[in-house]
$ cat protein11.txt   # compact mmCIF, C-alpha atoms and all ligand atoms
# COMPACT_ATOMS: atom_id res chain seq x y z
CA MET A 1 41.55 78.56 104.53
CA SER A 2 45.01 79.12 105.95
CA ILE A 3 47.60 80.98 103.88
CA GLY A 4 49.51 77.66 103.59
CA GLU A 5 46.45 75.95 102.11
CA ILE A 6 45.95 78.83 99.68
CA SER A 7 49.59 78.55 98.64
CA LYS A 8 49.16 74.80 97.95
CA PHE A 9 45.99 75.49 95.99
CA LEU A 10 47.76 78.19 93.95
CA SER A 11 50.69 75.84 93.23
CA PHE A 12 48.27 73.17 92.06
CA VAL A 13 46.28 75.35 89.68
CA LEU A 14 49.16 77.53 88.44
CA ARG A 15 51.71 74.76 87.93
CA HIS A 16 49.82 71.59 87.27
CA LYS A 17 46.05 71.54 86.77
CA PRO A 18 44.45 74.87 85.84
CA ASP A 19 41.69 72.84 84.12
CA SER A 20 40.64 71.39 87.45
CA ILE A 21 38.80 74.69 88.14
CA GLY A 22 38.36 75.74 84.51
CA LEU A 23 41.16 78.29 84.75
CA VAL A 24 43.04 79.31 81.61
CA LEU A 25 46.69 80.39 81.78
CA ASP A 26 48.28 82.37 78.98
CA SER A 27 51.35 81.01 77.21
CA GLU A 28 53.61 82.56 79.86
CA GLY A 29 51.69 80.98 82.71
CA TRP A 30 49.76 84.05 83.88
CA ALA A 31 46.20 83.84 85.23
CA GLU A 32 43.75 86.59 86.20
CA VAL A 33 43.49 86.77 89.98
CA SER A 34 39.78 87.60 89.67
CA ASP A 35 39.29 84.42 87.65
CA ILE A 36 40.92 82.33 90.35
CA ILE A 37 38.72 83.93 93.02
CA GLU A 38 35.61 83.30 90.94
CA LYS A 39 36.46 79.74 89.99
CA ALA A 40 37.97 78.41 93.23
CA ASP A 41 35.72 75.94 94.97
CA MET A 42 36.24 77.68 98.31
CA PRO A 43 36.00 81.28 99.46
CA ILE A 44 39.25 83.07 98.76
CA THR A 45 40.04 86.77 98.60
CA GLN A 46 42.46 89.05 96.75
CA ALA A 47 44.08 89.90 100.11
CA GLN A 48 44.65 86.21 100.92
CA ILE A 49 46.24 85.64 97.53
CA GLU A 50 48.50 88.65 98.00
CA ALA A 51 49.45 87.37 101.45
CA ALA A 52 50.25 83.91 100.06
CA VAL A 53 52.52 85.50 97.44
CA ALA A 54 54.23 87.81 99.93
CA THR A 55 54.87 85.14 102.57
CA SER A 56 55.90 82.24 100.33
CA ASP A 57 59.19 81.05 101.81
CA LYS A 58 60.49 80.17 98.37
CA GLN A 59 58.83 83.08 96.51
CA ARG A 60 56.86 80.61 94.49
CA PHE A 61 54.60 83.18 92.80
CA ALA A 62 54.79 86.52 91.05
CA LEU A 63 52.05 89.14 90.81
CA THR A 64 51.99 91.85 88.18
CA ASP A 65 52.49 95.41 89.51
CA ASP A 66 48.76 96.08 89.31
CA LYS A 67 48.19 92.80 91.25
CA ARG A 68 45.66 91.62 88.69
CA ARG A 69 47.61 88.68 87.31
CA ILE A 70 49.60 85.93 88.98
CA ARG A 71 51.88 83.08 87.91
CA ALA A 72 54.15 80.48 89.47
CA ASN A 73 57.85 81.33 89.17
CA GLN A 74 58.83 77.73 88.39
CA GLY A 75 57.92 74.11 89.05
CA HIS A 76 55.36 73.69 86.27
CA SER A 77 54.38 70.34 84.84
CA ILE A 78 52.34 72.05 82.13
CA GLU A 79 54.05 73.75 79.21
CA VAL A 80 54.58 77.48 79.88
CA ASP A 81 57.14 79.93 78.57
CA LEU A 82 58.68 81.67 81.57
CA GLY A 83 60.79 83.79 79.22
CA LEU A 84 64.01 82.89 81.03
CA GLU A 85 67.32 83.75 79.38
CA SER A 86 70.04 81.17 79.58
CA VAL A 87 72.82 82.22 81.96
CA LYS A 88 76.25 81.00 82.95
CA PRO A 89 75.98 78.88 86.11
CA PRO A 90 78.42 78.65 89.01
CA ALA A 91 81.03 75.90 88.89
CA ARG A 92 78.92 73.58 91.00
CA LEU A 93 75.25 73.23 91.78
CA PHE A 94 73.52 70.65 93.96
CA HIS A 95 70.62 68.27 93.60
CA GLY A 96 69.00 66.72 96.65
CA THR A 97 67.12 63.49 96.16
CA ALA A 98 66.28 60.26 97.97
CA THR A 99 68.72 57.34 98.29
CA ARG A 100 66.30 55.05 96.42
CA PHE A 101 66.74 57.20 93.30
CA VAL A 102 70.55 57.08 93.33
CA VAL A 103 70.90 53.94 91.21
CA PRO A 104 68.39 55.03 88.54
CA ILE A 105 70.02 58.49 88.47
CA LEU A 106 73.43 56.94 87.99
CA ALA A 107 71.96 55.06 85.02
CA ALA A 108 69.97 57.81 83.27
CA GLY A 109 71.31 61.06 84.76
CA LEU A 110 68.91 63.58 86.28
CA LEU A 111 65.59 63.57 84.44
CA LYS A 112 62.97 66.29 84.71
CA GLN A 113 60.25 63.70 85.41
CA ALA A 114 56.84 65.42 85.56
CA ARG A 115 58.23 68.96 85.66
CA GLN A 116 59.49 71.20 82.85
CA HIS A 117 63.09 71.15 84.10
CA VAL A 118 65.49 69.42 86.45
CA HIS A 119 65.78 71.67 89.53
CA LEU A 120 69.20 72.44 90.99
CA SER A 121 70.10 74.35 94.15
CA VAL A 122 72.91 76.83 94.79
CA ASP A 123 73.67 75.53 98.25
CA LEU A 124 73.72 72.29 100.16
CA GLU A 125 71.15 73.43 102.68
CA THR A 126 68.50 74.04 100.04
CA ALA A 127 69.37 70.81 98.24
CA SER A 128 69.00 68.93 101.52
CA LYS A 129 65.50 70.31 102.06
CA VAL A 130 64.44 69.49 98.51
CA GLY A 131 65.82 65.94 98.74
CA ALA A 132 64.47 65.17 102.19
CA ARG A 133 60.92 65.64 100.83
CA HIS A 134 61.38 62.37 98.99
CA GLY A 135 62.90 60.15 101.70
CA LYS A 136 66.36 59.41 103.01
CA LEU A 137 68.60 62.18 101.69
CA ALA A 138 71.24 61.78 98.98
CA ILE A 139 72.99 64.73 97.36
CA PHE A 140 74.59 65.00 93.95
CA GLU A 141 77.03 67.70 92.94
CA VAL A 142 76.53 68.86 89.37
CA ARG A 143 79.58 70.16 87.47
CA ALA A 144 77.44 72.94 86.07
CA LEU A 145 80.06 75.19 84.50
CA GLU A 146 81.58 72.26 82.63
CA MET A 147 78.09 71.32 81.37
CA HIS A 148 77.51 74.91 80.29
CA GLU A 149 80.84 74.95 78.44
CA GLU A 150 79.72 71.85 76.60
CA GLY A 151 76.57 73.58 75.39
CA HIS A 152 73.91 72.77 77.99
CA ARG A 153 71.64 75.74 78.74
CA PHE A 154 71.04 76.82 82.31
CA TYR A 155 68.22 79.09 83.46
CA LEU A 156 67.82 80.90 86.77
CA SER A 157 64.23 81.27 87.95
CA LYS A 158 63.05 84.44 89.58
CA ASN A 159 63.17 82.70 92.95
CA GLY A 160 66.74 81.46 92.64
CA VAL A 161 66.24 77.89 91.44
CA TRP A 162 68.58 76.73 88.65
CA LEU A 163 66.82 74.89 85.85
CA VAL A 164 68.19 72.62 83.16
CA GLU A 165 66.73 70.16 80.69
CA HIS A 166 68.73 67.10 81.74
CA VAL A 167 71.93 66.34 83.61
CA PRO A 168 73.88 63.54 81.95
CA VAL A 169 75.50 61.20 84.41
CA GLY A 170 78.99 62.29 83.35
CA PHE A 171 78.51 65.64 85.13
CA LEU A 172 77.30 64.16 88.41
CA ASP A 173 79.26 63.38 91.55
CA LEU A 174 77.53 61.66 94.43
CA ARG A 175 78.58 63.35 97.67
C1 LIG B 201 64.21 62.29 90.92
C2 LIG B 201 60.19 72.05 95.29
C3 LIG B 201 64.84 58.30 89.23
C4 LIG B 201 64.70 63.60 91.44
C5 LIG B 201 61.67 72.10 95.47
C6 LIG B 201 63.56 63.98 92.37
C7 LIG B 201 62.23 72.14 94.07
C8 LIG B 201 65.02 60.58 89.32
C9 LIG B 201 62.35 63.39 91.69
C10 LIG B 201 61.12 71.63 93.22
C11 LIG B 201 65.81 60.57 88.13
C12 LIG B 201 61.48 64.42 91.03
C13 LIG B 201 61.55 70.39 92.49
C14 LIG B 201 66.07 59.34 87.52
C15 LIG B 201 65.60 62.60 88.81
N1 LIG B 201 65.57 58.24 88.08
N2 LIG B 201 64.54 59.44 89.85
N3 LIG B 201 66.82 59.26 86.42
N4 LIG B 201 66.14 61.85 87.84
N5 LIG B 201 64.92 61.85 89.70
O1 LIG B 201 59.56 67.02 93.04
O2 LIG B 201 63.92 68.42 92.30
O3 LIG B 201 58.16 73.37 97.18
O4 LIG B 201 59.73 66.78 90.51
O5 LIG B 201 65.93 63.46 92.12
O6 LIG B 201 62.07 73.19 96.24
O7 LIG B 201 62.64 67.15 94.11
O8 LIG B 201 57.28 72.69 94.97
O9 LIG B 201 61.72 67.49 91.76
O10 LIG B 201 63.75 63.40 93.64
O11 LIG B 201 62.61 73.39 93.61
O12 LIG B 201 58.04 75.04 95.34
O13 LIG B 201 62.85 62.51 90.68
O14 LIG B 201 60.03 71.37 94.08
O15 LIG B 201 59.67 73.31 95.22
O16 LIG B 201 60.85 65.16 92.05
O17 LIG B 201 61.87 69.36 93.41
P1 LIG B 201 60.35 66.64 91.83
P2 LIG B 201 62.63 68.05 92.94
P3 LIG B 201 58.19 73.62 95.71

$ encode --input "protein11.txt" --output "structure tokens"
Amino acid sequence: MSIGEISKFLSFVLRHKPDSIGLVLDSEGWAEVSDIIEKADMPITQAQIEAAVATSDKQRFALTDDKRRIRANQGHSIEVDLGLESVKPPARLFHGTATRFVVPILAAGLLKQARQHVHLSVDLETASKVGARHGKLAIFEVRALEMHEEGHRFYLSKNGVWLVEHVPVGFLDLR
């Protein structure tokens, strides 16, 4: 197993389908590393898990100080309480998507789809990478501070992704 494959496996079980290997997460999304090692359907070691956490380009995972428990920092489709405090966002944030989603987004705003939140990026470069995963790139600017002033709550994940429940179309500008 390469570290990349382990990272994908960890994303899958920690964000989406812990049941697929009979893993149980607590309400805050933490799992016992030893449980993952025992239940994974391939050989995997504590050192490999620690390497996957340390080398994740987007810092997708957090380990407790004693390295016995692990969780995903964001991106869940299952209900977990990440304990994030709402914070004041910068004036503008960005959302990268595919051109085929532009019309539906202009109708319904940004929806969280399968995840727990809509994900927004602080810079255009990150938004471009996120959007290009889906197809031909389109980028929306989100008037985040204005949204915040109108009562929408913004959260900042441990790995720097801005999270929000929904972005109504009135706060979106297509770049
Ligand atoms: C689109 C990666 C139609 C939305 C990244 C997106 C991110 C709509 C797709 C994280 C819509 C959902 C999340 C609407 C939104 N109609 N389509 N009304 N509203 N969409 O993957 O933001 O590598 O769930 O634009 O770095 O692309 O996994 O969200 O294209 O942080 O760690 O529906 O995933 O991180 O796609 O990416 P996703 P996302 P990881």

$ residues_around --input "protein11.txt" --residues "range 80-97 of chain A" --least-positions-apart "5" --cutoff "7 Å" --atoms "all atoms listed in the file" --output "compact mmCIF listing (two decimals) with C-alpha atoms, in the coordinates of the input"
# COMPACT_ATOMS: atom_id res chain seq x y z
CA SER A 27 51.35 81.01 77.21
CA GLU A 28 53.61 82.56 79.86
CA GLY A 29 51.69 80.98 82.71
CA LEU A 120 69.20 72.44 90.99
CA SER A 121 70.10 74.35 94.15
CA VAL A 122 72.91 76.83 94.79
CA ASP A 123 73.67 75.53 98.25
CA LEU A 124 73.72 72.29 100.16
CA ALA A 127 69.37 70.81 98.24
CA SER A 128 69.00 68.93 101.52
CA VAL A 130 64.44 69.49 98.51
CA GLY A 131 65.82 65.94 98.74
CA ALA A 132 64.47 65.17 102.19
CA HIS A 134 61.38 62.37 98.99
CA LEU A 137 68.60 62.18 101.69
CA ALA A 138 71.24 61.78 98.98
CA ILE A 139 72.99 64.73 97.36
CA PHE A 140 74.59 65.00 93.95
CA GLU A 141 77.03 67.70 92.94
CA VAL A 142 76.53 68.86 89.37
CA ARG A 143 79.58 70.16 87.47
CA ALA A 144 77.44 72.94 86.07
CA LEU A 145 80.06 75.19 84.50
CA HIS A 148 77.51 74.91 80.29
CA ARG A 153 71.64 75.74 78.74
CA PHE A 154 71.04 76.82 82.31
CA TYR A 155 68.22 79.09 83.46

$ closest_residue --input "protein11.txt" --among "A:Ala72, A:Leu110, A:Ala31, A:Ile36" --to "Arg15 in chain A" --atoms "all atoms listed in the file"
A:Ala72

$ closest_residue --input "protein11.txt" --among "A:Met147, A:Ala54, A:Val33, A:Leu111" --to "Glu165 in chain A" --atoms "only C-alpha atoms"
A:Leu111

$ atom_distance --input "protein11.txt" --atom1 "CA of Val24 in chain A" --atom2 "atom O10 of ligand LIG 201 (chain B)"
28.8 Å

$ atom_distance --input "protein11.txt" --atom1 "atom N2 of ligand LIG 201 (chain B)" --atom2 "CA of Phe101 in chain A"
4.7 Å

$ residues_around --input "protein11.txt" --residues "Ala107 in chain A" --least-positions-apart "4" --cutoff "12 Å" --atoms "all atoms listed in the file" --output "list in words"
Phe101, Val102, Val103, Leu111, Val167, Pro168, Val169, Gly170 and Leu172 of chain A

$ write_last_selection --input "protein11.txt" --atoms "C-alpha atoms" --output "tab-separated table (two decimals), in the coordinates of the input"
chain	number	residue	atom	x	y	z
A	101	PHE	CA	66.74	57.20	93.30
A	102	VAL	CA	70.55	57.08	93.33
A	103	VAL	CA	70.90	53.94	91.21
A	111	LEU	CA	65.59	63.57	84.44
A	167	VAL	CA	71.93	66.34	83.61
A	168	PRO	CA	73.88	63.54	81.95
A	169	VAL	CA	75.50	61.20	84.41
A	170	GLY	CA	78.99	62.29	83.35
A	172	LEU	CA	77.30	64.16	88.41

$ closest_residue --input "protein11.txt" --among "A:Thr45, A:Gln74, A:Phe171, A:Lys112" --to "Gln59 in chain A" --atoms "only C-alpha atoms"
A:Gln74

$ decode --input "protein11.txt" --residues "range 40-53 of chain A" --atoms "all heavy atoms" --output "PDB file, in the first residue's frame"
ATOM      1  N   ALA A  40      -8.977  -3.003   8.996  1.00  0.00           N
ATOM      2  CA  ALA A  40      -8.698  -2.760   7.577  1.00  0.00           C
ATOM      3  C   ALA A  40      -8.544  -4.099   6.856  1.00  0.00           C
ATOM      4  O   ALA A  40      -8.036  -5.058   7.432  1.00  0.00           O
ATOM      5  CB  ALA A  40      -7.422  -1.951   7.440  1.00  0.00           C
ATOM      6  N   ASP A  41      -8.992  -4.128   5.598  1.00  0.00           N
ATOM      7  CA  ASP A  41      -8.894  -5.409   4.898  1.00  0.00           C
ATOM      8  C   ASP A  41      -7.552  -5.551   4.163  1.00  0.00           C
ATOM      9  O   ASP A  41      -7.417  -6.338   3.256  1.00  0.00           O
ATOM     10  CB  ASP A  41     -10.076  -5.599   3.941  1.00  0.00           C
ATOM     11  CG  ASP A  41     -10.297  -4.374   3.095  1.00  0.00           C
ATOM     12  OD1 ASP A  41      -9.415  -3.491   3.102  1.00  0.00           O
ATOM     13  OD2 ASP A  41     -11.338  -4.286   2.429  1.00  0.00           O
ATOM     14  N   MET A  42      -6.575  -4.730   4.554  1.00  0.00           N
ATOM     15  CA  MET A  42      -5.220  -4.919   4.025  1.00  0.00           C
ATOM     16  C   MET A  42      -4.236  -4.609   5.140  1.00  0.00           C
ATOM     17  O   MET A  42      -4.593  -3.946   6.103  1.00  0.00           O
ATOM     18  CB  MET A  42      -4.968  -4.009   2.809  1.00  0.00           C
ATOM     19  CG  MET A  42      -5.008  -2.559   3.117  1.00  0.00           C
ATOM     20  SD  MET A  42      -6.687  -2.006   3.179  1.00  0.00           S
ATOM     21  CE  MET A  42      -6.564  -0.289   3.027  1.00  0.00           C
ATOM     22  N   PRO A  43      -2.996  -5.086   4.993  1.00  0.00           N
ATOM     23  CA  PRO A  43      -2.031  -4.812   6.056  1.00  0.00           C
ATOM     24  C   PRO A  43      -1.690  -3.331   6.104  1.00  0.00           C
ATOM     25  O   PRO A  43      -1.423  -2.715   5.073  1.00  0.00           O
ATOM     26  CB  PRO A  43      -0.799  -5.641   5.661  1.00  0.00           C
ATOM     27  CG  PRO A  43      -1.046  -6.140   4.289  1.00  0.00           C
ATOM     28  CD  PRO A  43      -2.455  -5.897   3.906  1.00  0.00           C
ATOM     29  N   ILE A  44      -1.752  -2.775   7.265  1.00  0.00           N
ATOM     30  CA  ILE A  44      -1.493  -1.338   7.414  1.00  0.00           C
ATOM     31  C   ILE A  44      -0.920  -1.142   8.813  1.00  0.00           C
ATOM     32  O   ILE A  44      -1.310  -1.859   9.742  1.00  0.00           O
ATOM     33  CB  ILE A  44      -2.818  -0.568   7.138  1.00  0.00           C
ATOM     34  CG1 ILE A  44      -2.748   0.901   7.478  1.00  0.00           C
ATOM     35  CG2 ILE A  44      -3.976  -1.152   7.817  1.00  0.00           C
ATOM     36  CD1 ILE A  44      -3.986   1.659   6.965  1.00  0.00           C
ATOM     37  N   THR A  45       0.036  -0.249   8.941  1.00  0.00           N
ATOM     38  CA  THR A  45       0.735  -0.104  10.226  1.00  0.00           C
ATOM     39  C   THR A  45       0.519   1.292  10.814  1.00  0.00           C
ATOM     40  O   THR A  45       0.143   2.236  10.108  1.00  0.00           O
ATOM     41  CB  THR A  45       2.256  -0.299  10.058  1.00  0.00           C
ATOM     42  OG1 THR A  45       2.753   0.772   9.241  1.00  0.00           O
ATOM     43  CG2 THR A  45       2.598  -1.637   9.431  1.00  0.00           C
ATOM     44  N   GLN A  46       0.790   1.393  12.103  1.00  0.00           N
ATOM     45  CA  GLN A  46       0.720   2.691  12.795  1.00  0.00           C
ATOM     46  C   GLN A  46       1.642   3.699  12.090  1.00  0.00           C
ATOM     47  O   GLN A  46       1.263   4.844  11.864  1.00  0.00           O
ATOM     48  CB  GLN A  46       1.168   2.488  14.257  1.00  0.00           C
ATOM     49  CG  GLN A  46       1.304   3.769  15.066  1.00  0.00           C
ATOM     50  CD  GLN A  46       0.006   4.211  15.755  1.00  0.00           C
ATOM     51  OE1 GLN A  46      -0.846   3.391  16.093  1.00  0.00           O
ATOM     52  NE2 GLN A  46      -0.161   5.515  15.948  1.00  0.00           N
ATOM     53  N   ALA A  47       2.843   3.247  11.709  1.00  0.00           N
ATOM     54  CA  ALA A  47       3.812   4.157  11.077  1.00  0.00           C
ATOM     55  C   ALA A  47       3.272   4.662   9.735  1.00  0.00           C
ATOM     56  O   ALA A  47       3.454   5.837   9.391  1.00  0.00           O
ATOM     57  CB  ALA A  47       5.140   3.443  10.884  1.00  0.00           C
ATOM     58  N   GLN A  48       2.617   3.798   8.984  1.00  0.00           N
ATOM     59  CA  GLN A  48       2.055   4.229   7.687  1.00  0.00           C
ATOM     60  C   GLN A  48       0.941   5.247   7.895  1.00  0.00           C
ATOM     61  O   GLN A  48       0.824   6.214   7.151  1.00  0.00           O
ATOM     62  CB  GLN A  48       1.507   3.028   6.913  1.00  0.00           C
ATOM     63  CG  GLN A  48       2.580   2.163   6.292  1.00  0.00           C
ATOM     64  CD  GLN A  48       2.000   0.921   5.655  1.00  0.00           C
ATOM     65  OE1 GLN A  48       1.134   0.264   6.241  1.00  0.00           O
ATOM     66  NE2 GLN A  48       2.463   0.599   4.466  1.00  0.00           N
ATOM     67  N   ILE A  49       0.130   5.023   8.914  1.00  0.00           N
ATOM     68  CA  ILE A  49      -0.949   5.974   9.196  1.00  0.00           C
ATOM     69  C   ILE A  49      -0.350   7.316   9.613  1.00  0.00           C
ATOM     70  O   ILE A  49      -0.760   8.373   9.118  1.00  0.00           O
ATOM     71  CB  ILE A  49      -1.920   5.409  10.265  1.00  0.00           C
ATOM     72  CG1 ILE A  49      -2.695   4.237   9.657  1.00  0.00           C
ATOM     73  CG2 ILE A  49      -2.864   6.497  10.778  1.00  0.00           C
ATOM     74  CD1 ILE A  49      -3.672   3.565  10.590  1.00  0.00           C
ATOM     75  N   GLU A  50       0.657   7.276  10.467  1.00  0.00           N
ATOM     76  CA  GLU A  50       1.295   8.537  10.880  1.00  0.00           C
ATOM     77  C   GLU A  50       1.928   9.239   9.686  1.00  0.00           C
ATOM     78  O   GLU A  50       1.853  10.471   9.563  1.00  0.00           O
ATOM     79  CB  GLU A  50       2.342   8.274  11.973  1.00  0.00           C
ATOM     80  CG  GLU A  50       1.690   7.923  13.300  1.00  0.00           C
ATOM     81  CD  GLU A  50       2.691   7.618  14.416  1.00  0.00           C
ATOM     82  OE1 GLU A  50       3.852   8.065  14.329  1.00  0.00           O
ATOM     83  OE2 GLU A  50       2.301   6.928  15.371  1.00  0.00           O
ATOM     84  N   ALA A  51       2.498   8.479   8.767  1.00  0.00           N
ATOM     85  CA  ALA A  51       3.107   9.086   7.574  1.00  0.00           C
ATOM     86  C   ALA A  51       2.025   9.705   6.686  1.00  0.00           C
ATOM     87  O   ALA A  51       2.207  10.797   6.130  1.00  0.00           O
ATOM     88  CB  ALA A  51       3.895   8.032   6.799  1.00  0.00           C
ATOM     89  N   ALA A  52       0.891   9.027   6.563  1.00  0.00           N
ATOM     90  CA  ALA A  52      -0.198   9.565   5.725  1.00  0.00           C
ATOM     91  C   ALA A  52      -0.715  10.878   6.318  1.00  0.00           C
ATOM     92  O   ALA A  52      -1.019  11.829   5.583  1.00  0.00           O
ATOM     93  CB  ALA A  52      -1.336   8.542   5.623  1.00  0.00           C
ATOM     94  N   VAL A  53      -0.777  10.949   7.637  1.00  0.00           N
ATOM     95  CA  VAL A  53      -1.236  12.184   8.286  1.00  0.00           C
ATOM     96  C   VAL A  53      -0.205  13.293   8.074  1.00  0.00           C
ATOM     97  O   VAL A  53      -0.543  14.417   7.683  1.00  0.00           O
ATOM     98  CB  VAL A  53      -1.459  11.953   9.801  1.00  0.00           C
ATOM     99  CG1 VAL A  53      -1.800  13.258  10.509  1.00  0.00           C
ATOM    100  CG2 VAL A  53      -2.560  10.915  10.026  1.00  0.00           C
TER     101      VAL A  53
END
